[in-house]
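Undergrad: Sharing upload-v7.txt below, compact mmCIF, C-alpha atoms and all ligand atoms:
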# COMPACT_ATOMS: atom_id res chain seq x y z
CA MET D 1 41.00 8.07 32.88
CA ALA D 2 43.75 10.61 33.28
CA SER D 3 43.32 13.73 31.25
CA LYS D 4 45.87 14.23 28.52
CA ARG D 5 46.68 17.52 30.21
CA GLN D 6 47.39 16.00 33.62
CA ASN D 7 51.04 15.74 32.88
CA THR D 8 54.16 17.46 34.06
CA GLY D 9 55.48 19.14 30.96
CA ALA D 10 53.91 20.58 27.86
CA VAL D 11 51.28 18.24 26.54
CA LYS D 12 51.21 17.60 22.87
CA THR D 13 48.01 17.28 20.97
CA LYS D 14 48.08 15.02 17.95
CA GLY D 15 48.99 16.76 14.76
CA ALA D 16 50.22 19.91 16.47
CA LYS D 17 53.71 21.24 16.23
CA SER D 18 55.68 21.73 19.41
CA GLN D 19 55.29 24.96 21.31
CA GLN D 20 57.45 27.65 19.82
CA PRO D 21 59.34 29.96 22.10
CA LEU D 22 57.69 33.28 22.49
CA GLU D 23 55.75 35.56 24.59
CA GLN D 24 54.80 38.78 23.06
CA GLY D 25 56.71 41.32 25.13
CA ASP D 26 59.94 39.36 25.29
CA LYS D 27 59.97 38.45 21.68
CA GLN D 28 59.51 42.02 20.72
CA GLN D 29 62.37 43.07 22.93
CA GLN D 30 64.67 40.46 21.51
CA GLY D 31 64.09 41.55 17.96
CA ALA D 32 61.77 38.91 16.50
CA SER D 33 59.24 40.27 14.05
CA GLU D 34 55.54 40.36 14.81
CA ASP D 35 55.06 37.91 11.96
CA ASP D 36 57.32 35.43 13.77
CA VAL D 37 55.29 35.92 16.91
CA HIS D 38 52.00 35.26 15.19
CA GLN D 39 53.36 32.34 13.22
CA ALA D 40 54.57 30.75 16.46
CA LEU D 41 51.16 31.36 18.01
CA ILE D 42 49.34 29.68 15.16
CA GLN D 43 51.66 26.69 15.17
CA GLY D 44 52.19 26.26 18.84
CA SER D 45 49.01 26.75 20.75
CA SER D 46 47.89 23.13 20.91
CA ASP D 47 50.62 22.45 23.47
CA LEU D 48 49.47 24.13 26.59
CA ALA D 49 51.85 24.61 29.49
CA PRO D 50 50.45 22.96 32.64
CA TRP D 51 50.01 26.14 34.70
CA LEU D 52 47.70 27.53 32.00
CA VAL D 53 45.44 24.48 31.91
CA PRO D 54 43.24 25.31 34.95
CA GLU D 55 42.27 28.65 33.41
CA LEU D 56 41.44 27.02 30.06
CA GLU D 57 39.26 24.43 31.75
CA ARG D 58 37.59 27.03 33.95
CA SER D 59 36.76 29.17 30.90
CA LEU D 60 35.42 26.15 29.00
CA GLY D 61 33.30 25.22 32.00
CA LEU D 62 31.77 28.71 31.90
CA PHE D 63 31.28 28.40 28.14
CA ASP D 64 29.49 25.06 28.51
CA ALA D 65 27.24 26.60 31.15
CA GLY D 66 26.50 29.53 28.84
CA ARG D 67 28.19 31.92 31.29
CA LEU D 68 31.45 32.77 29.52
CA HIS D 69 31.62 36.54 29.04
CA HIS D 70 31.95 37.51 25.40
CA ALA D 71 34.96 39.78 26.06
CA LEU D 72 37.84 38.33 28.07
CA LEU D 73 41.02 40.08 29.12
CA LEU D 74 43.79 37.66 30.05
CA SER D 75 46.22 39.44 32.32
CA GLY D 76 49.42 38.29 34.01
CA ARG D 77 53.15 38.77 33.86
CA THR D 78 54.97 38.92 30.53
CA GLY D 79 56.56 35.56 29.77
CA LEU D 80 53.79 33.55 31.38
CA GLY D 81 52.23 32.26 28.16
CA LYS D 82 49.03 34.34 28.00
CA SER D 83 49.08 34.47 24.21
CA PHE D 84 49.19 30.68 24.04
CA LEU D 85 46.31 30.42 26.45
CA ALA D 86 44.33 32.90 24.36
CA MET D 87 44.92 30.80 21.24
CA ALA D 88 44.15 27.53 23.00
CA LEU D 89 40.89 28.95 24.29
CA ALA D 90 40.01 30.24 20.83
CA ARG D 91 40.65 26.79 19.36
CA ALA D 92 38.67 25.12 22.09
CA LEU D 93 35.69 27.44 21.56
CA LEU D 94 35.71 26.58 17.86
CA CYS D 95 36.45 22.84 18.29
CA ASP D 96 33.79 20.52 16.84
CA LEU D 97 33.67 18.65 20.16
CA ASN D 98 31.70 21.61 21.54
CA GLN D 99 28.81 20.14 19.60
CA GLY D 100 29.27 16.76 21.25
CA GLY D 101 31.73 15.51 18.65
CA GLY D 102 29.62 16.90 15.87
CA GLY D 103 26.69 14.64 16.76
CA GLY D 104 24.61 17.21 18.62
CA GLY D 105 25.09 15.62 22.07
CA SER D 106 26.40 17.30 25.19
CA PRO D 107 29.83 18.92 25.00
CA THR D 108 32.86 16.73 25.60
CA SER D 109 34.72 17.38 28.87
CA ALA D 110 36.81 20.51 29.00
CA ALA D 111 39.99 18.44 29.29
CA GLN D 112 39.50 17.13 25.74
CA ARG D 113 39.25 20.47 24.01
CA PRO D 114 40.73 21.55 21.69
CA CYS D 115 40.90 18.00 20.32
CA GLY D 116 43.47 18.84 17.64
CA GLU D 117 41.84 16.43 15.21
CA CYS D 118 38.48 17.77 14.10
CA LYS D 119 37.99 19.94 11.04
CA SER D 120 37.91 23.16 13.08
CA CYS D 121 41.06 22.24 14.99
CA ARG D 122 42.88 21.43 11.77
CA LEU D 123 41.81 24.75 10.30
CA THR D 124 42.87 26.77 13.35
CA ALA D 125 46.23 24.94 13.45
CA ALA D 126 46.81 25.92 9.83
CA GLY D 127 45.75 29.50 10.52
CA ASN D 128 42.86 29.11 8.07
CA HIS D 129 39.72 28.92 10.21
CA PRO D 130 37.09 31.09 8.52
CA ASP D 131 35.52 32.10 11.86
CA MET D 132 38.66 33.15 13.66
CA ARG D 133 40.93 36.19 13.50
CA LEU D 134 44.25 36.77 15.24
CA LEU D 135 45.07 40.43 15.54
CA GLY D 136 48.41 41.94 16.42
CA PRO D 137 50.39 45.07 15.73
CA ASN D 138 51.02 45.93 12.14
CA LYS D 139 54.45 46.16 10.65
CA ALA D 140 56.90 49.04 10.43
CA GLY D 141 55.33 52.32 9.50
CA GLU D 142 52.63 51.94 12.11
CA ARG D 143 55.04 51.96 15.03
CA GLY D 144 54.05 48.57 16.30
CA GLU D 145 50.51 49.71 16.98
CA ILE D 146 47.22 48.02 16.21
CA VAL D 147 45.58 50.69 14.10
CA VAL D 148 41.99 51.68 13.54
CA ASP D 149 41.71 50.26 10.01
CA THR D 150 42.72 46.83 11.31
CA VAL D 151 40.04 46.99 14.01
CA ARG D 152 37.41 48.15 11.51
CA GLY D 153 38.26 45.15 9.33
CA LEU D 154 37.87 42.90 12.35
CA ILE D 155 34.48 44.36 13.25
CA GLU D 156 33.26 43.87 9.71
CA PHE D 157 34.41 40.23 9.86
CA LEU D 158 32.68 39.66 13.20
CA HIS D 159 29.37 40.87 11.80
CA LEU D 160 29.36 38.31 8.98
CA SER D 161 27.59 35.03 9.69
CA ALA D 162 29.77 32.22 11.02
CA GLN D 163 30.68 29.69 8.35
CA LEU D 164 31.11 26.68 10.66
CA GLY D 165 29.62 25.82 14.04
CA GLY D 166 28.12 29.23 14.81
CA THR D 167 30.91 30.59 17.05
CA LYS D 168 33.35 33.28 15.97
CA VAL D 169 36.47 34.24 17.87
CA ALA D 170 38.87 37.17 17.71
CA VAL D 171 42.18 37.07 19.57
CA ILE D 172 44.00 40.37 20.13
CA VAL D 173 47.56 40.07 21.44
CA PRO D 174 49.11 42.09 22.87
CA CYS D 175 46.01 44.22 23.20
CA ASP D 176 47.87 47.11 24.87
CA ARG D 177 49.13 47.92 21.37
CA LEU D 178 45.69 49.11 20.31
CA ASN D 179 46.18 52.80 19.66
CA ARG D 180 43.62 55.26 20.95
CA SER D 181 41.38 55.40 17.91
CA ALA D 182 41.61 51.64 17.40
CA ALA D 183 40.59 51.10 21.02
CA ASN D 184 37.72 53.56 20.68
CA SER D 185 36.45 51.88 17.54
CA LEU D 186 36.40 48.53 19.35
CA LEU D 187 34.31 49.70 22.32
CA LYS D 188 30.86 49.10 20.89
CA THR D 189 31.76 45.58 19.74
CA LEU D 190 33.28 44.79 23.13
CA GLU D 191 30.10 45.92 24.79
CA GLU D 192 27.61 44.34 22.45
CA PRO D 193 29.16 41.82 20.07
CA PRO D 194 27.12 39.93 17.50
CA GLU D 195 25.61 36.64 18.65
CA GLY D 196 28.16 33.82 19.10
CA VAL D 197 31.18 36.13 19.03
CA PHE D 198 33.97 35.97 21.62
CA LEU D 199 36.82 38.45 21.90
CA ILE D 200 39.92 37.27 23.75
CA LEU D 201 42.43 39.96 24.64
CA ALA D 202 45.73 39.39 26.40
CA THR D 203 48.37 41.69 27.83
CA GLY D 204 51.08 41.86 30.46
CA ARG D 205 50.39 45.58 30.79
CA PRO D 206 46.67 46.05 31.39
CA GLY D 207 47.36 49.52 32.81
CA ARG D 208 48.19 50.66 29.30
CA LEU D 209 44.73 49.86 28.05
CA PRO D 210 42.13 52.61 28.17
CA ALA D 211 39.82 52.14 31.17
CA THR D 212 36.94 52.09 28.69
CA VAL D 213 38.31 48.87 27.19
CA ARG D 214 39.16 47.24 30.54
CA SER D 215 35.73 47.96 31.96
CA ARG D 216 34.03 46.16 29.06
CA CYS D 217 35.97 42.95 29.60
CA THR D 218 35.95 40.26 32.25
CA ILE D 219 39.51 40.23 33.55
CA HIS D 220 41.07 36.80 34.06
CA GLN D 221 44.18 37.32 36.19
CA LEU D 222 46.62 34.45 35.60
CA PRO D 223 48.92 33.34 38.40
CA SER D 224 52.63 32.83 37.74
CA PRO D 225 53.91 29.25 37.83
CA ARG D 226 56.05 28.00 40.70
CA LEU D 227 59.77 27.97 39.93
CA ASP D 228 59.97 24.15 40.07
CA GLU D 229 56.93 23.82 37.80
CA ALA D 230 58.43 26.26 35.31
CA GLN D 231 61.77 24.45 35.44
CA LEU D 232 60.15 21.08 34.77
CA TRP D 233 58.35 22.48 31.75
CA LEU D 234 61.53 24.14 30.49
CA SER D 235 63.44 20.86 30.82
CA GLY D 236 61.05 19.38 28.25
CA HIS D 237 62.21 21.96 25.72
CA HIS D 238 65.93 22.30 26.45
CA ASN D 239 68.43 19.56 27.06
CA LEU D 240 70.41 21.42 29.72
CA SER D 241 71.50 20.77 33.28
CA SER D 242 69.05 21.73 35.99
CA GLU D 243 71.58 24.35 37.11
CA LYS D 244 71.49 26.04 33.69
CA LEU D 245 67.70 25.83 33.50
CA ARG D 246 67.39 27.39 36.93
CA GLN D 247 69.88 30.09 35.95
CA ALA D 248 67.84 30.96 32.87
CA LEU D 249 64.60 31.09 34.84
CA VAL D 250 66.01 33.27 37.58
CA LEU D 251 67.47 35.55 34.96
CA CYS D 252 63.99 35.93 33.47
CA GLY D 253 62.21 36.59 36.73
CA GLY D 254 60.86 33.03 36.87
CA MET D 255 58.88 33.47 33.67
CA PRO D 256 59.13 30.26 31.64
CA PHE D 257 58.40 31.62 28.18
CA SER D 258 60.93 34.41 28.64
CA ALA D 259 63.51 31.81 29.70
CA HIS D 260 62.48 29.61 26.76
CA ASN D 261 63.07 32.51 24.35
CA MET D 262 66.34 33.41 25.95
CA LEU D 263 67.69 29.88 25.79
CA HIS D 264 66.47 29.57 22.22
CA GLN D 265 68.57 32.59 21.38
CA HIS D 266 71.63 31.38 23.30
CA GLY D 267 70.89 33.73 26.15
CA LEU D 268 73.16 31.96 28.60
CA ASP D 269 76.09 32.72 26.35
CA ARG D 270 75.13 36.32 26.69
CA LEU D 271 75.01 35.98 30.44
CA GLU D 272 78.51 34.47 30.40
CA ALA D 273 79.67 37.42 28.31
CA LEU D 274 78.05 39.85 30.72
CA LEU D 275 79.72 38.21 33.71
CA GLN D 276 83.10 38.56 31.98
CA GLN D 277 82.30 42.20 31.40
CA LEU D 278 81.52 42.71 35.07
CA HIS D 279 84.93 41.25 35.89
CA ARG D 280 86.59 43.67 33.50
CA LEU D 281 84.55 46.65 34.66
CA SER D 282 85.32 45.94 38.30
CA ALA D 283 89.01 45.92 37.35
CA GLY D 284 88.79 49.32 35.67
CA GLY D 285 87.36 48.39 32.26
CA ASP D 286 85.79 51.00 30.00
CA PRO D 287 81.94 51.02 30.09
CA ILE D 288 81.69 52.57 26.63
CA LYS D 289 83.79 49.84 25.09
CA GLU D 290 81.87 47.14 26.94
CA ALA D 291 78.55 48.65 25.83
CA GLN D 292 79.27 47.96 22.16
CA MET D 293 78.09 44.35 22.15
CA TRP D 294 74.69 45.37 23.55
CA GLN D 295 73.84 48.16 21.14
CA ASP D 296 71.28 46.02 19.31
CA ASN D 297 69.61 44.68 22.43
CA PRO D 298 69.90 47.04 25.39
CA HIS D 299 66.64 45.48 26.72
CA VAL D 300 68.38 42.18 27.22
CA LEU D 301 71.30 43.89 28.96
CA ALA D 302 68.95 45.77 31.28
CA GLU D 303 66.94 42.65 32.10
CA MET D 304 70.03 40.59 32.83
CA LEU D 305 71.61 43.28 34.95
CA THR D 306 68.38 43.64 36.91
CA ALA D 307 68.55 39.94 37.75
CA VAL D 308 72.27 40.15 38.57
CA ILE D 309 71.82 43.12 40.93
CA ALA D 310 68.77 41.45 42.53
CA GLU D 311 70.93 38.41 43.24
CA LEU D 312 73.64 40.61 44.78
CA LEU D 313 71.02 42.34 46.93
CA ARG D 314 69.78 38.95 48.14
CA ARG D 315 73.33 38.14 49.17
CA LYS D 316 73.72 41.47 50.97
CA HIS D 317 70.47 40.95 52.83
CA GLY D 318 71.43 37.41 53.82
CA GLY D 319 68.67 35.88 51.69
CA SER D 320 69.05 32.58 49.89
CA MET D 321 70.91 32.87 46.60
CA LEU D 322 69.20 31.54 43.51
CA GLY D 323 72.42 30.25 41.96
CA MET D 324 72.53 32.63 39.07
CA LEU D 325 76.05 33.94 39.64
CA PRO D 326 79.26 32.01 40.21
CA ALA D 327 80.12 32.20 43.93
CA ALA D 328 83.46 33.93 43.41
CA LEU D 329 81.95 36.68 41.28
CA SER D 330 78.98 37.32 43.55
CA GLU D 331 81.38 37.51 46.51
CA ARG D 332 83.64 39.90 44.67
CA LEU D 333 80.81 42.14 43.51
CA ALA D 334 78.59 42.07 46.56
CA ASP D 335 81.15 42.18 49.35
CA ALA D 336 83.07 45.08 47.86
CA THR D 337 79.98 47.19 47.19
CA PRO D 338 78.02 49.24 49.73
CA LEU D 339 74.36 48.27 50.01
CA ASP D 340 73.28 51.81 49.11
CA SER D 341 75.17 51.65 45.84
CA LEU D 342 73.48 48.40 44.89
CA HIS D 343 70.06 49.88 45.62
CA GLN D 344 71.01 52.97 43.66
CA VAL D 345 72.09 51.09 40.58
CA PHE D 346 69.04 48.81 40.80
CA GLU D 347 66.81 51.89 40.66
CA GLN D 348 68.83 53.38 37.82
CA ILE D 349 68.56 50.25 35.73
CA THR D 350 64.84 50.05 36.45
CA ALA D 351 64.54 53.63 35.17
CA HIS D 352 66.51 52.70 32.04
CA ARG D 353 64.16 49.80 31.44
CA ARG D 354 61.20 52.15 31.52
CA HIS D 355 62.85 54.45 28.98
CA LEU D 356 63.71 51.51 26.77
CA GLU D 357 60.02 51.13 26.08
CA GLN D 358 60.35 54.25 23.94
CA PRO D 359 62.22 53.93 20.65
CA LEU D 360 65.77 55.19 21.11
CA GLN D 361 69.30 54.53 20.01
CA GLY D 362 70.47 51.21 21.39
CA ARG D 363 74.12 52.12 21.60
CA LEU D 364 73.48 55.18 23.75
CA ALA D 365 71.14 53.19 25.98
CA ALA D 366 73.69 50.43 26.56
CA GLU D 367 76.41 53.00 27.26
CA ALA D 368 74.21 54.85 29.76
CA ILE D 369 73.48 51.58 31.58
CA PHE D 370 77.16 50.63 31.89
CA ILE D 371 78.20 54.17 32.87
CA ASP D 372 75.63 54.20 35.68
CA LEU D 373 76.74 50.76 36.79
CA SER D 374 80.44 51.69 36.85
CA THR D 375 79.79 54.97 38.61
CA ALA D 376 77.55 53.45 41.27
CA LEU D 377 79.54 50.30 41.98
CA TRP D 378 83.11 51.34 41.37
CA GLY D 379 82.92 55.08 41.67
CA ARG D 380 84.15 56.09 38.27
CA ALA D 381 82.69 57.32 35.03
CA ALA D 382 83.65 56.11 31.58
CA ARG D 383 87.21 56.80 30.54
CA SER D 384 86.11 58.03 27.16
CA SER D 385 83.86 60.60 28.76
CA LEU D 386 86.53 61.98 31.10
ZN ZN P 1 38.66 19.86 17.72
How does the structure come out when it is put into structure tokens?

TA:
Amino acid sequence: MASKRQNTGAVKTKGAKSQQPLEQGDKQQQGASEDDVHQALIQGSSDLAPWLVPELERSLGLFDAGRLHHALLLSGRTGLGKSFLAMALARALLCDLNQGGGGGGSPTSAAQRPCGECKSCRLTAAGNHPDMRLLGPNKAGERGEIVVDTVRGLIEFLHLSAQLGGTKVAVIVPCDRLNRSAANSLLKTLEEPPEGVFLILATGRPGRLPATVRSRCTIHQLPSPRLDEAQLWLSGHHNLSSEKLRQALVLCGGMPFSAHNMLHQHGLDRLEALLQQLHRLSAGGDPIKEAQMWQDNPHVLAEMLTAVIAELLRRKHGGSMLGMLPAALSERLADATPLDSLHQVFEQITAHRRHLEQPLQGRLAAEAIFIDLSTALWGRAARSSL
């Protein structure tokens, strides 16, 4: 019999809500609160995107064989769906079918877990499972970090006896937000957790984790989905032409959850607006004036411009275009611009993106991006600054 997961799009488990758009890093950049992120995780993780399924089944196979490491670090690009995989694995580890449907027999095949119907699955879907904790950054005032008190609370919880089934699971996403003392306080538990405890960490930026944390985890490196696979999945969530879906994916570096978020927030309208701005800027428009609409989300501007410039570079290098830009605009922008200038502005925007990871004033960031763009591509600085 075909597995319920051997399907093309997201597969829905009975009783679960549809997968909400999010992936930690993107959501944060686009202004959603951490509460939204965690709520979406709780509600959405029974639908697992198809490219994440092999890793879930591999991990469950290891679990069934008694060889699953107690501390896992899921790593892979932001927008891939790591947080959803972490939650799905947590649910599967707690699912009653691990005990042979509750009857004490051998575990049900990995493809059937989490079942979405047993008591444990219903509790995890409601965010109420007594043997599971989902940890993320705390709210304002703690600068988006996971702080030491939160980790101490988690450790205390993990040392209490399990209330159901014997397994306890902690999910920490994104784990690169553990601040130094929080990470230090977690080390002993990562190394030697209580019996039956699993810690599942996920991040798109493993390099930001202290080496002491990384070295205590088994790292599961997740591959990115193929573009056609991602597009098929995305088409199950958005009723748009394949051209628009492809455009959104290319704009988000091929990462389906990033594209899902962007479309959810009318991102293609923003792209249209940006393309109009490029027209105006190339005709002598004022970067400072154009920057105004991006002052609340300079991250989105920087990401979109990165994709736009990458597309122009592909054109310059004679590579195949991914169809993100209208032909007339890409011709106008690419053909009139020296290759060196495109490379220069690509590097400048990449540098801006790095700085955007630090808290700073959005308006100034958006202005700086447009001023660099205008200077590099059209050889002039902002009018207002002259
Ligand atoms: Zn279940």

Undergrad: Enclose the full set of atoms of stretch 192-206 of chain D listed in the file within a box whose edges lie along x, y and z, apply 6 Å of padding to each of the six sides, and report centre and edge lengths in Å to one decimal as JSON.

TA:
{"center_x": 38.3, "center_y": 39.9, "center_z": 24.4, "size_x": 37.5, "size_y": 24.2, "size_z": 25.9}

Undergrad: Go through the chains and note each residue within 10 Å of ligand ZN 1 (chain P), using only C-alpha atoms and all ligand atoms, then give the set as a list of chain:residue names.

TA: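 Checking only C-alpha atoms and all ligand atoms against ligand ZN 1 (chain P) at 10 Å gives D:Arg91, D:Ala92, D:Leu93, D:Leu94, D:Cys95, D:Asp96, D:Leu97, D:Asn98, D:Gly101, D:Gly102, D:Gln112, D:Arg113, D:Pro114, D:Cys115, D:Gly116, D:Glu117, D:Cys118, D:Lys119, D:Ser120, D:Cys121, D:Arg122, D:Leu123, D:Thr124.
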
Undergrad: Can you pull out every residue within 12 Å of D:Ser215, counting all atoms listed in the file, but drop anything in the same chain fewer than 4 positions away, and send it as a ChimeraX atom specification?

TA: /D:71-73,187,190-191,206-207,209-211,219

Undergrad: When you draw a straight line from atom CA of D:Glu367 to atom CA of D:Gln292, how long is it in Å?

TA: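 We find that atom CA of D:Glu367 and atom CA of D:Gln292 lie 7.7 Å from each other.
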
Undergrad: Could you jot down the atom CA of D:Ala334 to atom CA of D:Lys316 separation for me, Å, one decimal place?

TA: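 That distance, rounded to one decimal, is 6.6 Å.
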
Undergrad: Quick one: residues within 12 Å of (71.0, 40.3, 50.3) (file frame), counting only C-alpha atoms, please, as a ChimeraX atom specification.

TA: /D:308-322,330-331,334-335,337-340,342-343

Undergrad: What separation in Å, quoted to one decimal, exists between atom CA of D:Gly236 and atom CA of D:Thr78?

TA: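 Distance reported for this atom pair: 20.6 Å.
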
Undergrad: For D:Leu186, list every protein, DNA or RNA residue within 8 Å, evaluated using only C-alpha atoms, and leave out those in the same chain fewer than 6 positions away; present the list as a PyMOL selection string.

TA: chain D and resi 151-152+155

Undergrad: Choose the residue, out of D:Pro174, D:Gly79, D:Pro194, D:Gly362, that has the smallest atom-to-atom separation from D:Ala302; count all atoms listed in the file.

TA: D:Gly362

Undergrad: Find, counting all atoms listed in the file, the residue in D:Gly66, D:Met304, D:His159, D:Pro256 that gets nearest to D:Pro225.

TA: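 Nearest candidate to D:Pro225 out of D:Gly66, D:Met304, D:His159, D:Pro256: D:Pro256.
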
Undergrad: Counting all atoms listed in the file, select every polymer residue within 10 Å of (37.4, 42.9, 18.1) as defined in the file's coordinates, and provide the selection as a tab-separated table (two decimals) with C-alpha atoms, in the frame of the given file.

TA:
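Printed below is result37.tsv as written:
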chain	number	residue	atom	x	y	z
D	71	ALA	CA	34.96	39.78	26.06
D	133	ARG	CA	40.93	36.19	13.50
D	134	LEU	CA	44.25	36.77	15.24
D	135	LEU	CA	45.07	40.43	15.54
D	150	THR	CA	42.72	46.83	11.31
D	151	VAL	CA	40.04	46.99	14.01
D	152	ARG	CA	37.41	48.15	11.51
D	153	GLY	CA	38.26	45.15	9.33
D	154	LEU	CA	37.87	42.90	12.35
D	155	ILE	CA	34.48	44.36	13.25
D	156	GLU	CA	33.26	43.87	9.71
D	157	PHE	CA	34.41	40.23	9.86
D	158	LEU	CA	32.68	39.66	13.20
D	169	VAL	CA	36.47	34.24	17.87
D	170	ALA	CA	38.87	37.17	17.71
D	171	VAL	CA	42.18	37.07	19.57
D	172	ILE	CA	44.00	40.37	20.13
D	182	ALA	CA	41.61	51.64	17.40
D	183	ALA	CA	40.59	51.10	21.02
D	185	SER	CA	36.45	51.88	17.54
D	186	LEU	CA	36.40	48.53	19.35
D	187	LEU	CA	34.31	49.70	22.32
D	188	LYS	CA	30.86	49.10	20.89
D	189	THR	CA	31.76	45.58	19.74
D	190	LEU	CA	33.28	44.79	23.13
D	193	PRO	CA	29.16	41.82	20.07
D	197	VAL	CA	31.18	36.13	19.03
D	198	PHE	CA	33.97	35.97	21.62
D	199	LEU	CA	36.82	38.45	21.90
D	200	ILE	CA	39.92	37.27	23.75
D	201	LEU	CA	42.43	39.96	24.64

Undergrad: Would you please work out which residue, of D:Gly127, D:Gly379, D:Gly144, D:Pro326, is nearest to D:Ser341 when using all atoms listed in the file?

TA: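 Nearest to D:Ser341: D:Gly379.
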
Undergrad: Please provide the set of residues having any atom within 9 Å of D:Leu329, restricted to all atoms listed in the file, with same-chain residues fewer than 6 positions apart removed, written as a list in words.

TA: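 Everything that qualifies: Leu275, Leu278 and His279 of chain D.
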
Undergrad: Using all atoms listed in the file, which of D:Ala202, D:Val147, D:Leu164, D:Met262 sits nearest D:Leu178?

TA: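 Of all the options, D:Val147 lies closest to D:Leu178.
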